[in-house]
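One structure below.
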Amino acid sequence: MEKSSPPAGLFPSPTVEPQSRRSSTCSKALVVLGLVGLAAFYNHLPSLSYEGFREQYYSHLTSGAVRHCAHSPYGPFPLPDDPFHFLPCTNATLPPALDDADPERSWARLFDPNPAHWSWGNNTKEQDVQYGDPYAGRGIYLCGYLDVPLDYLNKTEDRIVRLAVTKYQVSGLARVDTLPSARALTNTFAGRKSERTIVIEPGGPGGSGTSYAWRAAEDVSKRLSAGKFDVLGWDPRGVNATLPAISCFPYDADRDRWAMLTGQYREVSPSLAFADAMNNATFRACRERHGDLPRFVSTASVARDMEEIRKALGEDEMTGYLVSYGTGIGQTWANMFPDSVGRVILDGTEYVRDHRLLGGFGWTALDNATDAWHDGFLGECLNAGPEHCALARQRGEESVTLQDLEVRMKELVVSISQQPVAGYLESSGPSIITYSALVAAIYGSMYNAKSWPALAQMLYELEAGNSTLATAFLDKSEWEYDPTLPSPPSPKPSSDELGSLVICADSYDAPLPPEGLAWWESLWANMTTRSWISGNSRFFNVFPCRHFTAYWPQPAEVYRESLDHVLKNPVLLIAETYDPATPLRNGRRLLAEMGANARLVVHHGYGHSSRDTSTCTDEVARRYILEGQLPDAQETDCFADEKPYLYGVNATGVSVQGGVAWDPVQVWREHLREMGW
């Protein structure tokens, strides 16, 4: 979610020091901040790789120039004895390098005293009218870091992990200047930590919690606590801004080229042996670049990091909203630290026992994707009608039936497996629509029903022989390297390989089959037969594990105990009827094992996790987070408020496609941003 920028000129100009060499250095530093901010921060904040920024500009930004340009009306940061070392977030607040001899000093020098450069929460017109102050009544985004042991079980290991942390503080900040108008406007709660902090984690493995905080923290606070509680996200070890970050390719463009070969789906793949060799080469690269670090990225290690975050918050109980793979972290953490469990929601529940099995992260997750396609994407399309879904439009005199539509779409997809379709974009030149890319896009869309009108329009046009929209969609979905953006300060790529390393570490002791590659060939065939939509994607999640123990024989720690420990407080599980990644079966199996330590909301809706809004689900979750109250029944049924293709239509009577402003490419881009892709 893009953050609003405060208007300029509404606060007194900061005191300016006399002209000197320092002012010249300050100007240079601010130029650096501005250029890098425009190139990276505002263009693609959710996927920003801080590591690359740090490498080229870190030494300049920590020279002390920025800190002394002016005094802050909110006082200095970081505050004394703050374990997170929080600074107001700017586009320079990157955790100090691990080899920095004095990281706290270097970090403090990144403090920019000008509030106009800070990342504030969204404001309202009412606030501007009431206060004449762009910052009063607005939350603030605070960036920090927390050092934790690399190996919790080996006291002689002195290496650390520096966790990147972003917190949205709902109370904002308290002014300390002496302006009478400012004193009169000061909120007595401004700058104070909330009673509880909602710790969030978006899943993956490999999802960035800091990016999730940027996109969703304000919405999470409003949804779960009526805006009362702060929200904190962190990048798990190996991910994004956390140090050390794991990437096994020197450039994102290299990974894109590699993925064109390793990502070929079974229906069009020439040989699994080829992909197997490339997976082996990738893990070898991981070993060459990162040594033994993949031993320390298991879910158990991440769960220990989460407990350290709770301690640093100074809260006796954890309050959390953990999604998808985040629920796996939550299940593990809760049973490792049962006395720390406060009010924790696990939404889009995995069942971590599955992850101990060979390939279990993949083959146990195939329940719902095809049903979501048939009942949801196609069925709800016809229910909504041609005004709201392009695929419901008649062709000739015959009305569209669900059976006919399913056959048509299957024929379209199969035809592309046999003959890819040529495409062209002015921005990137020639392109082709491939089976693998198209099915991957369809599977991704099942995560988010708000993307369905755009996908339906794209498939409608593609079926008619127009590949323009499909080319635009897949071009944005497939490539990490974007030549249309300014070159980043450093070639450091994203940490995509971390996901496979976590999955494989968690299942490292599952016996490898004596049949070797033939067993994996059989698994691939079985998975794609069960689900043509999700089978290939989920298979590729687990297939690299065939080589994990050749490079890292044993992770530092895995959790192998039961999930039925007696918790200080029961947790709330949310499982969705049409979730394409974490089926309802997971939630029910987890509930059966946890017993009185959990309650389950069966969320009847579409998409991954409870993003298909339900007033019922939200009320249960909010009552739990604010008051600690849970339903008496083990299971509670809640239903989505609206149907796909009709979001907002019932209230306004206007189709989402009815106005000229509706742009399917923009809708698709928003879908990719929301999913963190």
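Note on naming: chains are A, B, ... as they come in the structure tokens, residues start from 1 per chain, ligands start from 1 in the order shown.
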(message) What parts of stretch 203-336 of chain A does DSSP call alpha helix (DSSP H)? I'd like the answer as JSON, numbers by chain.
(response) {"A": [209, 210, 211, 212, 213, 214, 215, 216, 217, 218, 219, 220, 221, 222, 223, 224, 225, 252, 253, 254, 255, 256, 257, 258, 259, 260, 261, 262, 272, 273, 274, 275, 276, 277, 278, 279, 280, 281, 282, 283, 284, 285, 286, 287, 288, 289, 290, 299, 300, 301, 302, 303, 304, 305, 306, 307, 308, 309, 310, 311, 312, 313, 325, 326, 327, 328, 329, 330, 331, 332, 333, 334, 335, 336]}
For A:Thr468, please output as a short mmCIF file (atom, residue, chain, number, x, y, z; two decimals) with N, CA and C atoms, in the first residue's frame all residues within 10 Å (counting only C-alpha atoms; exclusion window: fewer than 6 positions along the same chain).
data_model
loop_
_atom_site.label_atom_id
_atom_site.label_comp_id
_atom_site.auth_asym_id
_atom_site.auth_seq_id
_atom_site.Cartn_x
_atom_site.Cartn_y
_atom_site.Cartn_z
N ALA A 422 2.28 -16.07 -30.06
CA ALA A 422 3.15 -14.91 -30.18
C ALA A 422 2.49 -13.69 -29.55
N GLY A 423 3.32 -12.84 -28.95
CA GLY A 423 2.83 -11.60 -28.37
C GLY A 423 3.84 -10.49 -28.57
N TYR A 424 3.41 -9.28 -28.26
CA TYR A 424 4.29 -8.12 -28.42
C TYR A 424 3.86 -7.03 -27.45
N LEU A 425 4.86 -6.40 -26.83
CA LEU A 425 4.64 -5.20 -26.03
C LEU A 425 5.63 -4.14 -26.47
N SER A 431 7.33 -11.38 -27.49
CA SER A 431 7.07 -12.24 -26.35
C SER A 431 6.27 -13.44 -26.84
N ILE A 433 3.29 -16.42 -25.28
CA ILE A 433 2.42 -16.93 -24.22
C ILE A 433 2.65 -18.43 -24.15
N MET A 458 -8.75 -11.32 -19.93
CA MET A 458 -7.55 -11.76 -20.63
C MET A 458 -7.79 -13.07 -21.36
N GLU A 461 -10.09 -12.60 -24.44
CA GLU A 461 -9.39 -12.03 -25.59
C GLU A 461 -8.40 -13.03 -26.19
N LEU A 462 -7.74 -13.79 -25.34
CA LEU A 462 -6.79 -14.78 -25.84
C LEU A 462 -7.50 -15.85 -26.65
#
(message) Measuring between only C-alpha atoms, which one of A:Ala372, A:Gly385, A:Trp452, A:Ile416 shows the shortest distance to A:Pro580?
(response)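 When distances to A:Pro580 are compared using only C-alpha atoms, the smallest one comes from A:Ala372.
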(request) Can you pull out every residue within 8 Å of A:Gly320, counting only C-alpha atoms, but drop anything in the same chain fewer than 3 positions away, and send it as a list of chain:residue names? (result)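 Listing them by chain and then by number gives A:Thr197, A:Ile198, A:Val199, A:Ile200, A:Arg343, A:Val344, A:Ile345.
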(request) Tell me, as a ChimeraX atom specification, which residues lie within 9 Å of A:Val302, counting only C-alpha atoms; anything in the same chain fewer than 5 positions away does not count. (result) /A:236-237,296-297,307,329,333
(request) May I have the residues within 12 Å of A:Ala437 as a ChimeraX atom specification, using only C-alpha atoms and disregarding those fewer than 6 positions away in the same chain? (result) /A:259-261,263-265,268,413,416-417,420-421,431,443-444,470-471,473-479,533,536-537
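Each of A:Ala334, A:Leu646, A:Ala640, A:Leu402 was checked against A:Lys450 using only C-alpha atoms; the smallest atom-to-atom distance is that of A:Leu646.
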(request) Excluding A:Pro555 and residues on its chain fewer than 5 positions from it, collect all residues at most 10 Å away from it, counting only C-alpha atoms, and give them as number ranges by chain. (result) A: 292-298, 300-301, 502, 504-509, 549
Restricting it to N, CA, C and O atoms, dump the selection as a PDB file, in the first residue's frame.
ATOM      1  N   ASP A 292      27.504 -22.545   5.173  1.00  0.00           N
ATOM      2  CA  ASP A 292      26.585 -23.343   5.988  1.00  0.00           C
ATOM      3  C   ASP A 292      25.338 -22.588   6.416  1.00  0.00           C
ATOM      4  O   ASP A 292      24.534 -23.112   7.188  1.00  0.00           O
ATOM      5  N   LEU A 293      25.112 -21.370   5.933  1.00  0.00           N
ATOM      6  CA  LEU A 293      23.960 -20.581   6.379  1.00  0.00           C
ATOM      7  C   LEU A 293      22.619 -21.292   6.196  1.00  0.00           C
ATOM      8  O   LEU A 293      21.720 -21.153   7.043  1.00  0.00           O
ATOM      9  N   PRO A 294      22.396 -22.063   5.120  1.00  0.00           N
ATOM     10  CA  PRO A 294      21.112 -22.758   4.992  1.00  0.00           C
ATOM     11  C   PRO A 294      20.818 -23.737   6.131  1.00  0.00           C
ATOM     12  O   PRO A 294      19.663 -24.155   6.286  1.00  0.00           O
ATOM     13  N   ARG A 295      21.791 -24.106   6.932  1.00  0.00           N
ATOM     14  CA  ARG A 295      21.520 -24.950   8.102  1.00  0.00           C
ATOM     15  C   ARG A 295      20.698 -24.223   9.146  1.00  0.00           C
ATOM     16  O   ARG A 295      20.091 -24.849  10.020  1.00  0.00           O
ATOM     17  N   PHE A 296      20.653 -22.893   9.063  1.00  0.00           N
ATOM     18  CA  PHE A 296      20.079 -22.089  10.139  1.00  0.00           C
ATOM     19  C   PHE A 296      18.797 -21.359   9.736  1.00  0.00           C
ATOM     20  O   PHE A 296      18.429 -20.369  10.358  1.00  0.00           O
ATOM     21  N   VAL A 297      18.103 -21.848   8.705  1.00  0.00           N
ATOM     22  CA  VAL A 297      16.897 -21.152   8.239  1.00  0.00           C
ATOM     23  C   VAL A 297      15.630 -21.973   8.447  1.00  0.00           C
ATOM     24  O   VAL A 297      14.567 -21.605   7.946  1.00  0.00           O
ATOM     25  N   SER A 298      15.700 -23.060   9.186  1.00  0.00           N
ATOM     26  CA  SER A 298      14.518 -23.899   9.395  1.00  0.00           C
ATOM     27  C   SER A 298      13.439 -23.136  10.152  1.00  0.00           C
ATOM     28  O   SER A 298      13.693 -22.105  10.801  1.00  0.00           O
ATOM     29  N   ALA A 300      12.016 -23.945  12.877  1.00  0.00           N
ATOM     30  CA  ALA A 300      12.300 -23.905  14.314  1.00  0.00           C
ATOM     31  C   ALA A 300      13.184 -22.714  14.663  1.00  0.00           C
ATOM     32  O   ALA A 300      12.962 -22.035  15.687  1.00  0.00           O
ATOM     33  N   SER A 301      14.178 -22.418  13.830  1.00  0.00           N
ATOM     34  CA  SER A 301      15.038 -21.258  14.083  1.00  0.00           C
ATOM     35  C   SER A 301      14.257 -19.957  13.951  1.00  0.00           C
ATOM     36  O   SER A 301      14.441 -19.024  14.737  1.00  0.00           O
ATOM     37  N   VAL A 502      14.222 -23.475   3.158  1.00  0.00           N
ATOM     38  CA  VAL A 502      13.421 -23.704   4.365  1.00  0.00           C
ATOM     39  C   VAL A 502      12.630 -25.004   4.240  1.00  0.00           C
ATOM     40  O   VAL A 502      12.610 -25.835   5.163  1.00  0.00           O
ATOM     41  N   CYS A 504      13.189 -27.590   2.435  1.00  0.00           N
ATOM     42  CA  CYS A 504      14.058 -28.769   2.449  1.00  0.00           C
ATOM     43  C   CYS A 504      14.688 -28.988   3.818  1.00  0.00           C
ATOM     44  O   CYS A 504      14.887 -30.142   4.234  1.00  0.00           O
ATOM     45  N   ALA A 505      15.007 -27.926   4.530  1.00  0.00           N
ATOM     46  CA  ALA A 505      15.540 -28.081   5.884  1.00  0.00           C
ATOM     47  C   ALA A 505      14.510 -28.733   6.793  1.00  0.00           C
ATOM     48  O   ALA A 505      14.835 -29.606   7.610  1.00  0.00           O
ATOM     49  N   ASP A 506      13.252 -28.327   6.666  1.00  0.00           N
ATOM     50  CA  ASP A 506      12.199 -28.865   7.531  1.00  0.00           C
ATOM     51  C   ASP A 506      11.919 -30.340   7.267  1.00  0.00           C
ATOM     52  O   ASP A 506      11.374 -31.035   8.124  1.00  0.00           O
ATOM     53  N   SER A 507      12.273 -30.835   6.088  1.00  0.00           N
ATOM     54  CA  SER A 507      12.029 -32.250   5.753  1.00  0.00           C
ATOM     55  C   SER A 507      13.327 -33.013   5.514  1.00  0.00           C
ATOM     56  O   SER A 507      13.329 -34.069   4.879  1.00  0.00           O
ATOM     57  N   TYR A 508      14.416 -32.513   6.062  1.00  0.00           N
ATOM     58  CA  TYR A 508      15.736 -33.065   5.714  1.00  0.00           C
ATOM     59  C   TYR A 508      15.879 -34.547   6.061  1.00  0.00           C
ATOM     60  O   TYR A 508      16.612 -35.281   5.403  1.00  0.00           O
ATOM     61  N   ASP A 509      15.174 -35.001   7.143  1.00  0.00           N
ATOM     62  CA  ASP A 509      15.349 -36.377   7.607  1.00  0.00           C
ATOM     63  C   ASP A 509      14.315 -37.337   7.032  1.00  0.00           C
ATOM     64  O   ASP A 509      14.260 -38.503   7.445  1.00  0.00           O
ATOM     65  N   THR A 549      20.482 -32.471   1.355  1.00  0.00           N
ATOM     66  CA  THR A 549      21.412 -33.065   2.317  1.00  0.00           C
ATOM     67  C   THR A 549      22.788 -33.351   1.721  1.00  0.00           C
ATOM     68  O   THR A 549      23.743 -33.608   2.457  1.00  0.00           O
TER      69      THR A 549
END
(request) Name all residues at most 6 Å from A:Leu357 (count only C-alpha atoms; drop same-chain ones fewer than 3 positions away) and give them as an MDAnalysis selection string. (result) chainID A and resid 354 360 507 510
Since we have the selection now, will you write its residues out, keeping C-alpha atoms, as an mmCIF file, in the first residue's frame?
data_model
loop_
_atom_site.group_PDB
_atom_site.id
_atom_site.type_symbol
_atom_site.label_atom_id
_atom_site.label_comp_id
_atom_site.auth_asym_id
_atom_site.auth_seq_id
_atom_site.Cartn_x
_atom_site.Cartn_y
_atom_site.Cartn_z
ATOM 1 C CA ASP A 354 3.003 -32.444 6.512
ATOM 2 C CA GLY A 360 4.862 -33.013 1.857
ATOM 3 C CA SER A 507 12.029 -32.250 5.753
ATOM 4 C CA ALA A 510 12.583 -37.785 5.396
#
